[in-house]
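Just data_31.txt here, compact mmCIF, C-alpha atoms and all ligand atoms:
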# COMPACT_ATOMS: atom_id res chain seq x y z
CA MET A 1 95.79 99.92 119.30
CA ARG A 2 94.93 102.12 122.25
CA ILE A 3 92.21 104.76 122.10
CA ASP A 4 91.68 107.24 124.94
CA ILE A 5 88.34 108.98 124.59
CA ILE A 6 87.72 112.27 126.38
CA SER A 7 84.07 113.14 126.83
CA VAL A 8 81.45 114.68 129.09
CA LEU A 9 79.17 111.71 128.28
CA PRO A 10 81.25 108.52 128.30
CA GLU A 11 78.19 106.44 129.24
CA LEU A 12 76.76 107.19 125.81
CA MET A 13 79.56 105.14 124.24
CA GLU A 14 79.85 102.18 126.57
CA SER A 15 77.60 99.73 124.74
CA ALA A 16 79.44 100.31 121.45
CA PHE A 17 82.53 98.75 123.00
CA ASN A 18 80.73 96.20 125.18
CA THR A 19 79.08 94.35 122.34
CA SER A 20 79.94 92.06 119.47
CA ILE A 21 83.09 92.53 117.40
CA LEU A 22 84.53 95.52 119.26
CA LYS A 23 84.07 93.75 122.59
CA ARG A 24 85.80 90.67 121.21
CA ALA A 25 88.69 92.77 119.92
CA ILE A 26 89.08 94.33 123.36
CA ASP A 27 88.77 90.97 125.15
CA LYS A 28 91.45 89.51 122.87
CA GLY A 29 93.75 92.42 123.73
CA LEU A 30 93.86 93.68 120.14
CA ALA A 31 92.39 97.05 121.13
CA GLU A 32 92.16 99.04 124.34
CA VAL A 33 89.56 101.76 124.80
CA HIS A 34 89.70 104.01 127.85
CA PHE A 35 87.15 106.69 128.72
CA HIS A 36 88.16 109.88 130.49
CA HIS A 37 85.34 111.86 132.00
CA LEU A 38 86.07 115.52 131.36
CA ARG A 39 84.01 116.45 134.41
CA ASN A 40 86.84 115.00 136.55
CA TYR A 41 89.02 117.82 135.21
CA GLY A 42 86.30 120.48 135.58
CA LEU A 43 86.96 123.72 137.42
CA GLY A 44 85.74 124.67 140.88
CA LYS A 45 83.02 123.27 143.07
CA HIS A 46 80.73 122.69 140.09
CA ARG A 47 83.43 121.05 138.00
CA GLN A 48 82.75 123.52 135.24
CA VAL A 49 83.79 122.43 131.75
CA ASP A 50 82.26 125.19 129.61
CA ASP A 51 81.63 128.92 129.57
CA GLU A 52 80.14 131.67 127.42
CA PRO A 53 82.04 132.68 124.29
CA TYR A 54 84.10 135.88 124.29
CA GLY A 55 82.50 138.30 121.89
CA GLY A 56 79.04 136.90 122.58
CA GLY A 57 76.83 134.63 120.55
CA ALA A 58 74.76 131.58 121.20
CA GLY A 59 76.04 128.38 122.81
CA MET A 60 78.75 127.52 125.29
CA VAL A 61 82.43 126.87 124.63
CA MET A 62 84.41 124.02 126.19
CA LEU A 63 87.05 125.50 128.50
CA VAL A 64 90.71 125.22 127.56
CA GLU A 65 91.98 124.36 131.05
CA PRO A 66 90.13 121.07 131.78
CA LEU A 67 90.86 119.83 128.25
CA ASP A 68 94.51 120.85 128.44
CA ASN A 69 94.89 119.18 131.85
CA CYS A 70 93.28 115.96 130.72
CA ILE A 71 95.21 115.73 127.44
CA SER A 72 98.50 116.74 129.08
CA GLU A 73 98.07 114.06 131.73
CA LEU A 74 97.53 111.41 129.05
CA LYS A 75 100.48 112.67 127.02
CA SER A 76 102.72 112.46 130.08
CA GLN A 77 101.94 108.72 130.25
CA ARG A 78 102.65 107.72 126.65
CA THR A 79 103.29 109.05 123.18
CA TYR A 80 100.26 109.55 120.98
CA ASP A 81 100.31 109.21 117.22
CA GLU A 82 97.24 111.42 116.80
CA VAL A 83 95.08 113.62 118.99
CA ILE A 84 91.82 113.70 117.07
CA TYR A 85 89.01 116.18 117.59
CA LEU A 86 85.65 114.91 116.34
CA THR A 87 83.90 117.90 114.80
CA PRO A 88 81.68 118.66 111.81
CA ASP A 89 84.41 121.13 110.69
CA GLY A 90 86.91 118.31 110.25
CA GLU A 91 88.09 116.32 107.25
CA THR A 92 85.36 113.89 106.22
CA LEU A 93 86.08 110.31 107.26
CA ASN A 94 86.41 107.80 104.45
CA GLN A 95 87.81 104.28 104.08
CA LYS A 96 91.21 105.48 102.89
CA MET A 97 91.61 107.61 105.98
CA ALA A 98 90.48 104.70 108.19
CA ASN A 99 93.02 102.39 106.50
CA THR A 100 95.86 104.88 107.10
CA LEU A 101 94.90 105.58 110.70
CA SER A 102 94.46 101.90 111.52
CA LEU A 103 98.22 101.45 111.08
CA LYS A 104 98.88 103.76 114.03
CA ASN A 105 98.86 102.72 117.67
CA ASN A 106 97.91 105.38 120.16
CA PHE A 107 95.05 107.82 119.80
CA ILE A 108 93.26 110.42 121.85
CA PHE A 109 89.74 111.13 120.61
CA LEU A 110 88.22 114.35 121.90
CA CYS A 111 84.44 114.56 121.75
CA GLY A 112 83.22 118.11 121.33
CA HIS A 113 80.02 119.45 122.87
CA TYR A 114 78.05 122.66 122.97
CA LYS A 115 79.39 125.20 120.49
CA GLY A 116 82.85 123.61 120.35
CA ILE A 117 86.23 123.84 122.05
CA ASP A 118 88.35 126.90 122.88
CA GLN A 119 90.59 127.47 119.85
CA ARG A 120 93.71 127.17 122.03
CA VAL A 121 93.04 123.46 122.63
CA ARG A 122 93.39 123.01 118.87
CA GLU A 123 96.62 124.96 118.85
CA LEU A 124 98.08 123.14 121.84
CA HIS A 125 97.09 119.55 121.16
CA ILE A 126 94.91 118.62 118.21
CA THR A 127 96.76 116.93 115.35
CA LYS A 128 93.73 115.99 113.25
CA GLU A 129 90.08 117.02 113.02
CA ILE A 130 87.62 114.47 111.69
CA SER A 131 83.97 114.73 110.72
CA ILE A 132 81.84 111.67 110.04
CA GLY A 133 79.68 113.55 107.56
CA ASP A 134 78.12 116.85 106.61
CA TYR A 135 75.52 117.00 109.35
CA VAL A 136 75.64 118.08 112.97
CA LEU A 137 75.30 115.67 115.90
CA THR A 138 74.58 116.69 119.49
CA GLY A 139 78.16 115.82 120.39
CA GLY A 140 81.25 113.99 119.20
CA GLU A 141 80.52 110.74 121.09
CA LEU A 142 78.67 108.90 118.34
CA ALA A 143 81.28 110.10 115.86
CA ALA A 144 84.03 108.75 118.16
CA CYS A 145 82.27 105.36 118.19
CA VAL A 146 82.01 105.38 114.40
CA LEU A 147 85.70 106.23 114.00
CA ALA A 148 86.82 103.67 116.60
CA ASP A 149 84.71 100.97 114.93
CA ALA A 150 86.11 101.80 111.49
CA LEU A 151 89.69 101.52 112.82
CA ILE A 152 89.40 98.56 115.17
CA ARG A 153 87.70 96.26 112.65
CA LEU A 154 90.73 96.68 110.38
CA LEU A 155 93.21 95.38 112.97
CA PRO A 156 94.61 91.95 112.10
CA GLY A 157 92.76 89.24 114.03
CA VAL A 158 89.63 91.28 114.73
CA LEU A 159 87.44 89.95 111.94
CA ASN A 160 87.07 86.19 111.74
CA ASP A 161 87.53 86.10 108.00
CA GLU A 162 90.49 88.39 107.39
CA GLN A 163 89.53 88.67 103.76
CA SER A 164 86.24 90.24 104.60
CA ALA A 165 87.74 93.62 105.50
CA LEU A 166 89.62 93.63 102.19
CA THR A 167 86.48 92.98 100.19
CA ASP A 168 84.39 95.67 101.91
CA SER A 169 82.62 98.33 99.96
CA PHE A 170 85.08 101.19 99.29
CA GLN A 171 88.23 99.08 99.81
CA ASP A 172 88.91 99.09 96.09
CA ASP A 173 86.88 102.20 95.30
CA LEU A 174 83.90 99.99 94.45
CA LEU A 175 80.68 99.28 96.29
CA SER A 176 79.91 95.67 97.16
CA PRO A 177 78.20 93.45 94.58
CA PRO A 178 74.87 91.82 95.52
CA ILE A 179 75.19 88.81 97.84
CA TYR A 180 72.85 85.89 98.46
CA THR A 181 72.49 82.87 100.69
CA ARG A 182 70.02 79.96 100.89
CA PRO A 183 67.38 79.39 99.60
CA SER A 184 68.22 79.70 95.91
CA THR A 185 64.63 80.72 95.12
CA TYR A 186 62.46 82.87 97.36
CA LYS A 187 59.02 84.22 96.45
CA GLY A 188 59.93 83.69 92.82
CA LEU A 189 63.19 85.60 93.15
CA GLN A 190 66.10 83.59 91.83
CA VAL A 191 69.75 83.72 92.88
CA PRO A 192 71.75 84.52 89.71
CA GLU A 193 72.65 81.23 88.00
CA ILE A 194 76.36 82.08 87.81
CA LEU A 195 76.67 82.03 91.62
CA LEU A 196 75.41 78.43 91.68
CA SER A 197 77.75 77.37 88.86
CA GLY A 198 80.80 76.54 90.97
CA ASN A 199 83.02 78.27 88.39
CA SER A 200 85.05 80.51 90.69
CA LYS A 201 86.80 82.45 87.92
CA LYS A 202 83.50 83.27 86.21
CA ILE A 203 81.95 84.14 89.58
CA GLU A 204 84.76 86.54 90.40
CA GLU A 205 84.40 88.26 87.03
CA TRP A 206 80.65 88.52 87.50
CA LEU A 207 81.03 89.97 91.00
CA HIS A 208 83.47 92.57 89.71
CA GLU A 209 81.11 93.52 86.85
CA GLU A 210 78.20 93.85 89.26
CA ALA A 211 80.28 95.94 91.67
CA LEU A 212 81.22 98.26 88.80
CA LYS A 213 77.60 98.51 87.65
CA ILE A 214 76.31 99.31 91.15
CA THR A 215 79.05 101.85 91.78
CA LYS A 216 78.29 103.60 88.47
CA GLU A 217 74.64 103.72 89.42
CA LYS A 218 74.86 104.74 93.07
CA ARG A 219 78.23 106.42 93.59
CA PRO A 220 79.77 107.51 90.28
CA ASP A 221 81.80 110.03 92.30
CA ILE A 222 84.02 107.33 93.83
CA LEU A 223 84.88 105.64 90.52
CA LYS A 224 88.45 106.38 89.46
N1 LIG B 301 80.18 116.39 116.27
C1 LIG B 301 78.99 116.88 115.89
N2 LIG B 301 78.72 116.56 114.62
C2 LIG B 301 79.79 115.82 114.17
C3 LIG B 301 80.12 115.20 112.94
N3 LIG B 301 79.31 115.27 111.89
N4 LIG B 301 81.27 114.54 112.86
C4 LIG B 301 82.11 114.49 113.91
N5 LIG B 301 81.86 115.06 115.09
C5 LIG B 301 80.70 115.71 115.23

Would you put the structure from the file into structure tokens?
Amino acid sequence: MRIDIISVLPELMESAFNTSILKRAIDKGLAEVHFHHLRNYGLGKHRQVDDEPYGGGAGMVMLVEPLDNCISELKSQRTYDEVIYLTPDGETLNQKMANTLSLKNNFIFLCGHYKGIDQRVRELHITKEISIGDYVLTGGELAACVLADALIRLLPGVLNDEQSALTDSFQDDLLSPPIYTRPSTYKGLQVPEILLSGNSKKIEEWLHEEALKITKEKRPDILK
């Protein structure tokens, strides 16, 4: 998977890809992440990337020309499966969407700033708009990191225990059951007896029951 991220603040995202599982995925060649500083495509001496909105109103708008130039340059180098604009107006990210997208290979992520992007960028290039939740961030960078993380961890070979992505919360429309490790008793709190029983069939049934119970309690909306 290759992800090209266009941003005015690429430094904000660096550590997300330089650490832990995402770093390992990149080092193993399973994912490539490339930052493109929009300022390099800015206009004039000041490398301008935004301007006031036509019709007035608060906030600045990201200019069409630098974005078009940057995206067009990338598109001239390879074919992209999706050009994604991270924006609170987008479709809300969920596990199903992450699963579907993780099967694709080449992405451009565009991180919005200020008031947003000139509408013509959407018309020219954007194939999908994604929000990471109903709240507003200062820019799309953290959302781009969230989306990239959700996709990259699903790639075969990224997680050590391949099963663990399949048993995540949400993968089967259930939240995760409670989990425990040593010691079996702590401050009077006991690990459920069944988990110490060694009866894997019974354990599996119990885990499923618990997952159902927790989902009913916390997220009845995701239960089919
Ligand atoms: N940019 C600002 N807020 C955002 C959000 N909630 N999701 C995606 N991109 C954003």

Original post:
What separation in Å, quoted to one decimal, exists between CA of Lys115 (chain A) and CA of Ala150 (chain A)?
Top reply: 26.0 Å

**OP:** Kindly indicate which residue among A:Ser200, A:Val83, A:Thr181, A:Asp172 lies nearest to Leu212 (chain A), using all atoms listed in the file for the distances.
**Re:** A:Asp172

Subject >> Who sits within 12 Å of Ile5 (chain A), all atoms listed in the file, same chain under 6 positions skipped, as a PyMOL selection string >> reply: chain A and resi 11-14+17+32-38+67+70-71+74+83-86+106-112+140-145+147-148

How would you write, as a PDB file with C-alpha atoms, in the frame of the given file, the set of residues no farther than 7 Å from ligand LIG 301 (chain B) when counting only C-alpha atoms and all ligand atoms?
ATOM      1  CA  LEU A  86      85.650 114.910 116.340  1.00  0.00           C
ATOM      2  CA  THR A  87      83.900 117.900 114.800  1.00  0.00           C
ATOM      3  CA  PRO A  88      81.680 118.660 111.810  1.00  0.00           C
ATOM      4  CA  GLY A 112      83.220 118.110 121.330  1.00  0.00           C
ATOM      5  CA  ILE A 130      87.620 114.470 111.690  1.00  0.00           C
ATOM      6  CA  SER A 131      83.970 114.730 110.720  1.00  0.00           C
ATOM      7  CA  ILE A 132      81.840 111.670 110.040  1.00  0.00           C
ATOM      8  CA  GLY A 133      79.680 113.550 107.560  1.00  0.00           C
ATOM      9  CA  ASP A 134      78.120 116.850 106.610  1.00  0.00           C
ATOM     10  CA  TYR A 135      75.520 117.000 109.350  1.00  0.00           C
ATOM     11  CA  VAL A 136      75.640 118.080 112.970  1.00  0.00           C
ATOM     12  CA  LEU A 137      75.300 115.670 115.900  1.00  0.00           C
ATOM     13  CA  THR A 138      74.580 116.690 119.490  1.00  0.00           C
ATOM     14  CA  GLY A 139      78.160 115.820 120.390  1.00  0.00           C
ATOM     15  CA  GLY A 140      81.250 113.990 119.200  1.00  0.00           C
ATOM     16  CA  ALA A 143      81.280 110.100 115.860  1.00  0.00           C
TER      17      ALA A 143
END

**OP:** Rank nothing, just name the residue among A:Gln77, A:Gly55, A:Val158, A:Thr92 nearest to Lys28 (chain A), using all atoms listed in the file.
**Re:**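 Looking only at the distances to Lys28 (chain A), the closest residue turns out to be A:Val158.
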
Subject >> Selected residue, from A:Leu63, A:Ser72, A:Leu154, A:Tyr54, that lies nearest to Arg120 (chain A) when counting all atoms listed in the file >> reply: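 Looking only at the distances to Arg120 (chain A), the closest residue turns out to be A:Leu63.
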
**OP:** Give as a ChimeraX atom specification each residue that has an atom at most 10 Å from (87.9, 95.3, 120.8) in the file, counting all atoms listed in the file.
**Re:** /A:1-2,16-33,148-149,152-153,155,158

Let's have the selection written as a PDB file, keeping the file's coordinate frame, with C-alpha atoms.
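That gives us selection_30.pdb:
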ATOM      1  CA  MET A   1      95.790  99.920 119.300  1.00  0.00           C
ATOM      2  CA  ARG A   2      94.930 102.120 122.250  1.00  0.00           C
ATOM      3  CA  ALA A  16      79.440 100.310 121.450  1.00  0.00           C
ATOM      4  CA  PHE A  17      82.530  98.750 123.000  1.00  0.00           C
ATOM      5  CA  ASN A  18      80.730  96.200 125.180  1.00  0.00           C
ATOM      6  CA  THR A  19      79.080  94.350 122.340  1.00  0.00           C
ATOM      7  CA  SER A  20      79.940  92.060 119.470  1.00  0.00           C
ATOM      8  CA  ILE A  21      83.090  92.530 117.400  1.00  0.00           C
ATOM      9  CA  LEU A  22      84.530  95.520 119.260  1.00  0.00           C
ATOM     10  CA  LYS A  23      84.070  93.750 122.590  1.00  0.00           C
ATOM     11  CA  ARG A  24      85.800  90.670 121.210  1.00  0.00           C
ATOM     12  CA  ALA A  25      88.690  92.770 119.920  1.00  0.00           C
ATOM     13  CA  ILE A  26      89.080  94.330 123.360  1.00  0.00           C
ATOM     14  CA  ASP A  27      88.770  90.970 125.150  1.00  0.00           C
ATOM     15  CA  LYS A  28      91.450  89.510 122.870  1.00  0.00           C
ATOM     16  CA  GLY A  29      93.750  92.420 123.730  1.00  0.00           C
ATOM     17  CA  LEU A  30      93.860  93.680 120.140  1.00  0.00           C
ATOM     18  CA  ALA A  31      92.390  97.050 121.130  1.00  0.00           C
ATOM     19  CA  GLU A  32      92.160  99.040 124.340  1.00  0.00           C
ATOM     20  CA  VAL A  33      89.560 101.760 124.800  1.00  0.00           C
ATOM     21  CA  ALA A 148      86.820 103.670 116.600  1.00  0.00           C
ATOM     22  CA  ASP A 149      84.710 100.970 114.930  1.00  0.00           C
ATOM     23  CA  ILE A 152      89.400  98.560 115.170  1.00  0.00           C
ATOM     24  CA  ARG A 153      87.700  96.260 112.650  1.00  0.00           C
ATOM     25  CA  LEU A 155      93.210  95.380 112.970  1.00  0.00           C
ATOM     26  CA  VAL A 158      89.630  91.280 114.730  1.00  0.00           C
TER      27      VAL A 158
END

Original post:
Hey, what's within 12 Å of Asp68 (chain A) if we count all atoms listed in the file and toss same-chain stuff fewer than 4 positions away? As a ChimeraX atom specification, please?
Top reply: /A:6,38,41-42,49,62-64,72-76,83,110,117-126

How would region 111-131 of chain A look with N, CA, C and O atoms restored, written as a short mmCIF file (atom, residue, chain, number, x, y, z; two decimals), in the coordinates of the input?
data_model
loop_
_atom_site.label_atom_id
_atom_site.label_comp_id
_atom_site.auth_asym_id
_atom_site.auth_seq_id
_atom_site.Cartn_x
_atom_site.Cartn_y
_atom_site.Cartn_z
N CYS A 111 85.83 114.36 122.18
CA CYS A 111 84.44 114.56 121.75
C CYS A 111 84.01 115.97 122.10
O CYS A 111 84.00 116.34 123.28
N GLY A 112 83.66 116.74 121.10
CA GLY A 112 83.22 118.11 121.33
C GLY A 112 81.77 118.13 121.78
O GLY A 112 81.00 117.19 121.55
N HIS A 113 81.40 119.21 122.46
CA HIS A 113 80.02 119.45 122.87
C HIS A 113 79.73 120.91 122.80
O HIS A 113 80.64 121.72 122.64
N TYR A 114 78.47 121.26 122.98
CA TYR A 114 78.05 122.66 122.97
C TYR A 114 78.50 123.28 121.65
O TYR A 114 78.42 122.65 120.61
N LYS A 115 79.02 124.50 121.73
CA LYS A 115 79.39 125.20 120.49
C LYS A 115 80.73 124.70 119.93
O LYS A 115 81.05 124.90 118.78
N GLY A 116 81.53 124.07 120.79
CA GLY A 116 82.85 123.61 120.35
C GLY A 116 83.88 123.86 121.43
O GLY A 116 83.54 124.17 122.57
N ILE A 117 85.16 123.70 121.06
CA ILE A 117 86.23 123.84 122.05
C ILE A 117 86.94 125.18 121.87
O ILE A 117 86.99 125.72 120.75
N ASP A 118 87.51 125.70 122.94
CA ASP A 118 88.35 126.90 122.88
C ASP A 118 89.45 126.64 121.85
O ASP A 118 90.10 125.59 121.86
N GLN A 119 89.64 127.61 120.96
CA GLN A 119 90.59 127.47 119.85
C GLN A 119 91.98 127.05 120.32
O GLN A 119 92.71 126.35 119.63
N ARG A 120 92.35 127.45 121.55
CA ARG A 120 93.71 127.17 122.03
C ARG A 120 93.95 125.69 122.28
O ARG A 120 95.09 125.23 122.25
N VAL A 121 92.87 124.92 122.50
CA VAL A 121 93.04 123.46 122.63
C VAL A 121 93.54 122.91 121.30
O VAL A 121 94.43 122.06 121.24
N ARG A 122 92.95 123.43 120.21
CA ARG A 122 93.39 123.01 118.87
C ARG A 122 94.86 123.32 118.70
O ARG A 122 95.64 122.51 118.22
N GLU A 123 95.23 124.54 119.06
CA GLU A 123 96.62 124.96 118.85
C GLU A 123 97.60 124.16 119.71
O GLU A 123 98.69 123.83 119.28
N LEU A 124 97.17 123.84 120.93
CA LEU A 124 98.08 123.14 121.84
C LEU A 124 98.21 121.65 121.53
O LEU A 124 99.28 121.08 121.67
N HIS A 125 97.09 121.02 121.15
CA HIS A 125 97.09 119.55 121.16
C HIS A 125 96.58 118.83 119.92
O HIS A 125 96.98 117.71 119.67
N ILE A 126 95.62 119.41 119.23
CA ILE A 126 94.91 118.62 118.21
C ILE A 126 95.79 118.44 116.97
O ILE A 126 96.32 119.41 116.43
N THR A 127 95.95 117.19 116.54
CA THR A 127 96.76 116.93 115.35
C THR A 127 95.88 116.64 114.13
O THR A 127 96.34 116.68 113.00
N LYS A 128 94.62 116.33 114.36
CA LYS A 128 93.73 115.99 113.25
C LYS A 128 92.29 116.25 113.67
O LYS A 128 91.92 115.95 114.80
N GLU A 129 91.50 116.79 112.74
CA GLU A 129 90.08 117.02 113.02
C GLU A 129 89.29 116.19 112.03
O GLU A 129 89.53 116.25 110.83
N ILE A 130 88.37 115.39 112.56
CA ILE A 130 87.62 114.47 111.69
C ILE A 130 86.12 114.66 111.88
O ILE A 130 85.62 114.75 113.01
N SER A 131 85.43 114.71 110.75
CA SER A 131 83.97 114.73 110.72
C SER A 131 83.50 113.40 110.16
O SER A 131 84.15 112.83 109.29
#
